[in-house]
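Report on the structure given below.
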Amino acid sequence: MKLKRFTAGVLACALVVGAAAGCTIGKDESWCAKTANLTLPSGVYIYELYNAYSEAQSKTTTADMKKAKIDNKDAMTWVNDRAKQLTNELFVLNDKMKQMKLSLTSSENSAVEQAAQNAWAQQFSSTLADKHVSESSFQTAYAEYIYQLRKVFMGTYDAGGSKAIPTSTQKDYFEKHYSDIEYMFVPLEKPASSASSGAVSSAASAAAGSAAATSSGTTAMTASEKAALKKELDGYLSQIRGGKTTLKAASTSFANAHGTSDTYQAMTGDMDSSTVASSLPTDMISAVKGMKAGETRLLEASSSYYVLITKNDIKEKTDSFLKNGDNRLQLLHALKGETFLQDIENEAKSYKGATWNDAVTKKFTADLYYTAPSSTASAASAAAPVSSAAVSSTASSKASSASSKAASSAASSKK
């Protein structure tokens with residue numbers, strides 16, 4: 001899914017656009033907004049300001065955010081508006097959970113806590129702890145959001161949902177876009193200290209052992225070493241094609257012969273997905289798409305690896321794949337993810353069920369994350385309080401995170 005999150009106004013209380021039913025002006029800064037069913041702590045809104053600021057930076061090349069324009073609006077005002085809309089999404093999801101009579105299971109609640117703890121410790125605490133965002137507020141806005149988004153999405157499009165996708169449609173998509181593959185790989189490099197050798201075993205051992213190269217680094221194989229390695233792997237290819245061995249057995253045999261780690265991998269994935277694109281080389285993905293079921297090939301991927309790969313009959317995996325909830329989430333997301341996120345965005349834009357705490361929204365604004373660029377900073381590298389490694393948290397960014405986790409889990413289970 002794309003990364004995104006949302007807005008509502010920062011004009012005078014009565015003029016707030018598409019966000020709130022009303023505002024309160026007072027000194028209680030413990031909460032930012034509330035409905036009859038949910039009161040959100042102020043840290044949630046401050047966290048959404050962080051997300052909105054990060055998103056704004058990705059939308060402009062202007063170094064100074066106070067001079068930037070986004071959607072024909074001053075960038076800092078855009079951030080304030082966006083933060084409200086992002087906060088509204090939590091209300092939208094909370095309402096939907098109640099309307100659909102959904103709730104997180106005990107295991108899901110445990111997963112929420114663990115996800116929040118991990119993300120907070122590894123990435124967010126250093127940026128947000130001094131911005132009046134507590135770990136509990138972060139858990140609400142980040143991890144609970146992800147799991148509720150997933151719950152509502154599956155409750156809408158999975159079996160029994162109001163917009164359930166027929167099993168036949170899921171099967172058609174799976175068998176058209178997914179591939180079931182198994183492969184082993186050997187890097188085309190060797191430890192820099194390795195002596196050259198024309199022998200097959202020496203060349204292959206050097207290549208396979210390069211992943212564990214010492215601090216002296218690695219160097220590319222010579223043409224003769226590469227040819228020797230290819231000859232050895234061609235031997236395994238012939239055995240596999242002749243039914244004398246399997247790819248997994250060949251990988252084990254190669255590793256044992258050269259005293260290296262077994263590089264065998266197996267996965268079932270959508271070859272058109274970003275998840276697979278981030279895991280496999282482009283030329284390897286293209287080759288898989290062009291292979292027939294049951295075919296085995298020896299590929300040179302990214303000019304860096306020899307890959308021995310078998311493409312299995314995907315139809316043999318259809319039923320077992322679709323029985324798994326995480327797998328269906330991954331597939332249904334490909335089919336309806338963008339539509340769903342757009343629906344959430346539209347509802348958040350026009351949401352009128354919340355009362356906003358003006359004491360919080362006036363005190364905490366985009367200025368909280370503003371850093372003036374240095375005189376030598378370029379537009380692309382202007383100083384910013386948001387880590388470049390941070391997810392551009394928008395409604396869909398979080399949805400993407402949940403979907404990616406499910407996708408990764410599904411792929412990992414096949415390895």
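Going through the structure tokens in order, the chains are called A, B, and so on, while each chain numbers its residues from 1 and the ligands are numbered from 1 in the order shown.
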* All residues 12 Å or closer to range 125-139 of chain A, only C-alpha atoms, same chain fewer than 5 positions away omitted, as a VMD selection string -> chain A and resid 29 to 32 39 to 51 87 109 to 120 144 to 147 360 363 to 369 384 to 390
* Give me every helix (DSSP H, G or I) residue in range 76-216 of chain A, going by DSSP on the backbone, as number ranges by chain. => A: 76-99, 106-131, 135-157, 167-177, 200-212
* **Top pick for closest residue to Asn312 in chain A, considering A:Phe254, A:Tyr236, A:Tyr183, A:Tyr264 and counting only C-alpha atoms** =>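 Going through A:Phe254, A:Tyr236, A:Tyr183, A:Tyr264 one by one, the smallest distance to Asn312 in chain A is for A:Tyr183.
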* **Long-range neighbours of Thr310 in chain A as a VMD selection string, 9 Å cut-off, only C-alpha atoms, 6 positions minimum in chain** => chain A and resid 180 to 183 247 288 291 293 to 297
Since we have the selection now, will you write its residues out, keeping N, CA and C atoms, as an mmCIF file, in the first residue's frame?
```
data_model
loop_
_atom_site.group_PDB
_atom_site.id
_atom_site.type_symbol
_atom_site.label_atom_id
_atom_site.label_comp_id
_atom_site.auth_asym_id
_atom_site.auth_seq_id
_atom_site.Cartn_x
_atom_site.Cartn_y
_atom_site.Cartn_z
ATOM 1 N N ASP A 180 5.553 -19.984 -7.018
ATOM 2 C CA ASP A 180 6.137 -20.799 -5.952
ATOM 3 C C ASP A 180 7.517 -21.226 -6.431
ATOM 4 N N ILE A 181 8.543 -20.749 -5.783
ATOM 5 C CA ILE A 181 9.904 -21.019 -6.245
ATOM 6 C C ILE A 181 10.787 -21.554 -5.124
ATOM 7 N N GLU A 182 11.840 -22.216 -5.511
ATOM 8 C CA GLU A 182 12.907 -22.616 -4.605
ATOM 9 C C GLU A 182 14.209 -22.378 -5.340
ATOM 10 N N TYR A 183 15.224 -21.938 -4.600
ATOM 11 C CA TYR A 183 16.466 -21.579 -5.266
ATOM 12 C C TYR A 183 17.656 -21.656 -4.312
ATOM 13 N N LEU A 247 16.465 -29.631 -6.141
ATOM 14 C CA LEU A 247 17.241 -28.410 -5.928
ATOM 15 C C LEU A 247 17.708 -28.321 -4.477
ATOM 16 N N VAL A 288 11.685 -15.472 -13.480
ATOM 17 C CA VAL A 288 10.656 -16.330 -12.875
ATOM 18 C C VAL A 288 9.350 -16.204 -13.652
ATOM 19 N N MET A 291 9.331 -18.331 -16.726
ATOM 20 C CA MET A 291 9.538 -19.773 -16.594
ATOM 21 C C MET A 291 8.214 -20.532 -16.587
ATOM 22 N N ALA A 293 5.929 -23.916 -15.250
ATOM 23 C CA ALA A 293 5.827 -24.743 -14.051
ATOM 24 C C ALA A 293 6.683 -25.991 -14.213
ATOM 25 N N GLY A 294 7.490 -26.270 -13.191
ATOM 26 C CA GLY A 294 8.352 -27.444 -13.227
ATOM 27 C C GLY A 294 9.711 -27.196 -13.850
ATOM 28 N N GLU A 295 9.943 -25.990 -14.354
ATOM 29 C CA GLU A 295 11.205 -25.680 -15.022
ATOM 30 C C GLU A 295 12.293 -25.282 -14.026
ATOM 31 N N THR A 296 13.530 -25.673 -14.300
ATOM 32 C CA THR A 296 14.690 -25.280 -13.507
ATOM 33 C C THR A 296 15.693 -24.597 -14.421
ATOM 34 N N ARG A 297 16.255 -23.469 -13.937
ATOM 35 C CA ARG A 297 17.236 -22.731 -14.725
ATOM 36 C C ARG A 297 18.433 -22.351 -13.862
#
```
* Residues at most 12 Å from Ser286 in chain A, counting only C-alpha atoms, excluding those fewer than 3 positions away in the same chain, as a ChimeraX atom specification? -> /A:179,271-272,276-277,280-283,289-291,299,301-302
* To do: Excluding range 158-166 of chain A and residues on its chain fewer than 3 positions from it, collect all residues at most 12 Å away from it, counting only C-alpha atoms, and give them as a PyMOL selection string.
  => chain A and resi 99-102+150-155+169-173+322-336+339-340
Please produce a file of the residues just selected, as a short mmCIF file (atom, residue, chain, number, x, y, z; two decimals), in the first residue's frame, where the atoms kept are N, CA, C and O atoms.
```
data_model
loop_
_atom_site.label_atom_id
_atom_site.label_comp_id
_atom_site.auth_asym_id
_atom_site.auth_seq_id
_atom_site.Cartn_x
_atom_site.Cartn_y
_atom_site.Cartn_z
N GLN A 99 -19.16 -0.68 15.02
CA GLN A 99 -20.25 -0.96 14.09
C GLN A 99 -20.20 -2.39 13.57
O GLN A 99 -21.24 -3.03 13.37
N MET A 100 -18.99 -2.90 13.34
CA MET A 100 -18.82 -4.24 12.79
C MET A 100 -18.70 -5.30 13.87
O MET A 100 -18.52 -6.48 13.59
N LYS A 101 -18.80 -4.84 15.14
CA LYS A 101 -18.70 -5.73 16.29
C LYS A 101 -17.40 -6.53 16.26
O LYS A 101 -17.36 -7.74 16.48
N LEU A 102 -16.32 -5.80 16.02
CA LEU A 102 -14.99 -6.40 15.98
C LEU A 102 -14.20 -6.00 17.22
O LEU A 102 -14.43 -4.94 17.80
N ARG A 150 -6.06 -3.45 9.99
CA ARG A 150 -6.08 -4.81 9.43
C ARG A 150 -7.40 -5.50 9.75
O ARG A 150 -8.00 -6.15 8.90
N LYS A 151 -7.87 -5.35 10.99
CA LYS A 151 -9.10 -6.02 11.42
C LYS A 151 -10.29 -5.53 10.60
O LYS A 151 -11.13 -6.34 10.16
N VAL A 152 -10.39 -4.24 10.42
CA VAL A 152 -11.51 -3.67 9.68
C VAL A 152 -11.41 -4.06 8.20
O VAL A 152 -12.42 -4.38 7.56
N PHE A 153 -10.20 -4.03 7.66
CA PHE A 153 -10.00 -4.40 6.26
C PHE A 153 -10.45 -5.84 6.02
O PHE A 153 -11.22 -6.12 5.09
N MET A 154 -9.99 -6.76 6.85
CA MET A 154 -10.35 -8.17 6.68
C MET A 154 -11.84 -8.38 6.96
O MET A 154 -12.50 -9.19 6.31
N GLY A 155 -12.38 -7.62 7.91
CA GLY A 155 -13.80 -7.73 8.21
C GLY A 155 -14.68 -7.23 7.08
O GLY A 155 -15.85 -7.58 6.99
N THR A 169 -12.35 -15.39 -7.21
CA THR A 169 -11.56 -14.23 -7.60
C THR A 169 -10.18 -14.28 -6.95
O THR A 169 -9.18 -13.95 -7.58
N GLN A 170 -10.16 -14.69 -5.69
CA GLN A 170 -8.88 -14.82 -4.99
C GLN A 170 -8.00 -15.87 -5.66
O GLN A 170 -6.79 -15.67 -5.84
N LYS A 171 -8.60 -17.00 -6.02
CA LYS A 171 -7.84 -18.07 -6.67
C LYS A 171 -7.29 -17.61 -8.01
O LYS A 171 -6.12 -17.87 -8.34
N ASP A 172 -8.11 -16.90 -8.78
CA ASP A 172 -7.67 -16.41 -10.08
C ASP A 172 -6.47 -15.47 -9.93
O ASP A 172 -5.49 -15.56 -10.68
N TYR A 173 -6.55 -14.58 -8.96
CA TYR A 173 -5.46 -13.63 -8.76
C TYR A 173 -4.20 -14.37 -8.31
O TYR A 173 -3.09 -14.11 -8.81
N LEU A 322 -4.55 -20.08 0.60
CA LEU A 322 -5.73 -19.29 0.92
C LEU A 322 -6.37 -19.67 2.26
O LEU A 322 -7.25 -18.97 2.75
N LYS A 323 -5.92 -20.75 2.86
CA LYS A 323 -6.42 -21.12 4.18
C LYS A 323 -5.80 -20.27 5.28
O LYS A 323 -6.33 -20.18 6.39
N ASN A 324 -4.68 -19.64 4.96
CA ASN A 324 -3.95 -18.85 5.95
C ASN A 324 -4.40 -17.39 5.94
O ASN A 324 -4.42 -16.74 4.90
N GLY A 325 -4.78 -16.87 7.09
CA GLY A 325 -5.30 -15.50 7.18
C GLY A 325 -4.30 -14.44 6.75
O GLY A 325 -4.67 -13.46 6.08
N ASP A 326 -3.04 -14.58 7.13
CA ASP A 326 -2.03 -13.61 6.72
C ASP A 326 -1.84 -13.62 5.22
O ASP A 326 -1.64 -12.57 4.59
N ASN A 327 -1.92 -14.80 4.63
CA ASN A 327 -1.81 -14.90 3.18
C ASN A 327 -2.95 -14.18 2.47
O ASN A 327 -2.77 -13.46 1.49
N ARG A 328 -4.16 -14.39 3.00
CA ARG A 328 -5.32 -13.73 2.39
C ARG A 328 -5.24 -12.23 2.55
O ARG A 328 -5.63 -11.47 1.66
N LEU A 329 -4.74 -11.76 3.68
CA LEU A 329 -4.55 -10.33 3.88
C LEU A 329 -3.65 -9.77 2.79
O LEU A 329 -3.94 -8.73 2.19
N GLN A 330 -2.55 -10.46 2.54
CA GLN A 330 -1.60 -10.04 1.52
C GLN A 330 -2.28 -9.97 0.15
O GLN A 330 -2.12 -8.99 -0.59
N LEU A 331 -3.04 -10.98 -0.18
CA LEU A 331 -3.69 -11.04 -1.49
C LEU A 331 -4.83 -10.04 -1.61
O LEU A 331 -4.97 -9.33 -2.61
N LEU A 332 -5.66 -9.96 -0.57
CA LEU A 332 -6.79 -9.02 -0.60
C LEU A 332 -6.30 -7.58 -0.63
O LEU A 332 -6.93 -6.71 -1.24
N HIS A 333 -5.18 -7.35 0.01
CA HIS A 333 -4.60 -6.00 -0.04
C HIS A 333 -4.25 -5.62 -1.46
O HIS A 333 -4.47 -4.49 -1.91
N ALA A 334 -3.68 -6.58 -2.21
CA ALA A 334 -3.34 -6.31 -3.61
C ALA A 334 -4.59 -6.00 -4.42
O ALA A 334 -4.56 -5.17 -5.34
N LEU A 335 -5.69 -6.64 -4.08
CA LEU A 335 -6.94 -6.45 -4.81
C LEU A 335 -7.69 -5.18 -4.41
O LEU A 335 -8.23 -4.46 -5.25
N LYS A 336 -7.73 -4.90 -3.10
CA LYS A 336 -8.60 -3.82 -2.62
C LYS A 336 -7.94 -2.83 -1.66
O LYS A 336 -8.62 -1.96 -1.12
N THR A 339 -8.35 0.95 -2.61
CA THR A 339 -9.75 1.37 -2.48
C THR A 339 -10.11 1.56 -1.02
O THR A 339 -10.76 2.56 -0.64
N PHE A 340 -9.69 0.63 -0.19
CA PHE A 340 -10.00 0.69 1.24
C PHE A 340 -9.37 1.93 1.87
O PHE A 340 -10.03 2.66 2.63
#
```
Excluding same-chain residues fewer than 4 positions from range 346-348 of chain A, what lies within 7 Å of it counting only C-alpha atoms, as an mmCIF file with all heavy atoms, in the first residue's frame?
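The result, written out as selection.cif:
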```cif
data_model
loop_
_atom_site.group_PDB
_atom_site.id
_atom_site.type_symbol
_atom_site.label_atom_id
_atom_site.label_comp_id
_atom_site.auth_asym_id
_atom_site.auth_seq_id
_atom_site.Cartn_x
_atom_site.Cartn_y
_atom_site.Cartn_z
ATOM 1 N N GLN A 85 -6.337 15.375 10.424
ATOM 2 C CA GLN A 85 -6.995 14.352 9.624
ATOM 3 C C GLN A 85 -6.468 12.959 9.989
ATOM 4 O O GLN A 85 -7.228 11.996 10.047
ATOM 5 C CB GLN A 85 -6.767 14.611 8.133
ATOM 6 C CG GLN A 85 -7.570 13.663 7.243
ATOM 7 C CD GLN A 85 -7.395 13.965 5.773
ATOM 8 O OE1 GLN A 85 -7.125 15.103 5.402
ATOM 9 N NE2 GLN A 85 -7.547 12.955 4.950
ATOM 10 N N ASN A 88 -8.112 11.889 13.021
ATOM 11 C CA ASN A 88 -9.489 11.490 12.724
ATOM 12 C C ASN A 88 -9.584 10.035 12.283
ATOM 13 O O ASN A 88 -10.596 9.371 12.509
ATOM 14 C CB ASN A 88 -10.074 12.376 11.618
ATOM 15 C CG ASN A 88 -10.667 13.665 12.153
ATOM 16 O OD1 ASN A 88 -10.947 13.772 13.343
ATOM 17 N ND2 ASN A 88 -10.841 14.637 11.283
ATOM 18 N N GLU A 89 -8.548 9.540 11.664
ATOM 19 C CA GLU A 89 -8.587 8.153 11.203
ATOM 20 C C GLU A 89 -8.714 7.172 12.361
ATOM 21 O O GLU A 89 -9.325 6.109 12.224
ATOM 22 C CB GLU A 89 -7.341 7.835 10.377
ATOM 23 C CG GLU A 89 -7.318 8.554 9.049
ATOM 24 C CD GLU A 89 -6.221 8.046 8.145
ATOM 25 O OE1 GLU A 89 -5.641 6.989 8.434
ATOM 26 O OE2 GLU A 89 -5.944 8.722 7.147
ATOM 27 N N VAL A 92 -12.324 7.116 13.076
ATOM 28 C CA VAL A 92 -13.027 6.375 12.018
ATOM 29 C C VAL A 92 -12.911 4.878 12.265
ATOM 30 O O VAL A 92 -13.898 4.135 12.205
ATOM 31 C CB VAL A 92 -12.466 6.740 10.628
ATOM 32 C CG1 VAL A 92 -13.013 5.788 9.562
ATOM 33 C CG2 VAL A 92 -12.816 8.181 10.275
ATOM 34 N N GLN A 342 -8.492 4.683 0.472
ATOM 35 C CA GLN A 342 -9.147 5.894 -0.012
ATOM 36 C C GLN A 342 -10.460 6.124 0.727
ATOM 37 O O GLN A 342 -10.813 7.263 1.051
ATOM 38 C CB GLN A 342 -9.402 5.803 -1.517
ATOM 39 C CG GLN A 342 -9.898 7.096 -2.148
ATOM 40 C CD GLN A 342 -8.895 8.228 -1.988
ATOM 41 O OE1 GLN A 342 -7.737 8.110 -2.404
ATOM 42 N NE2 GLN A 342 -9.334 9.331 -1.392
#
```
* To do: Any chance you could list, as a list in words, the residues in range 66-140 of chain A that come up strand (DSSP E or B) when DSSP is run on the backbone?
  => Lys69, Ile70, Lys73 and Asp74 of chain A
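Here CA of Gln239 in chain A is placed at a distance of 13.9 Å from CA of Thr252 in chain A.
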* Which of A:Tyr305, A:Ala141, A:Met221, A:Leu90 sits closest to Thr263 in chain A [using only C-alpha atoms] -> A:Tyr305
* To do: Provide the CA of Glu189 in chain A to CA of Thr218 in chain A distance in Å, to one decimal place.
  =>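 Calculated distance between CA of Glu189 in chain A and CA of Thr218 in chain A is 6.3 Å.
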* What does the distance between CA of Ala121 in chain A and CA of Glu55 in chain A come to in Å, to one decimal place? ->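 Atom-to-atom, CA of Ala121 in chain A to CA of Glu55 in chain A, that is 22.1 Å.
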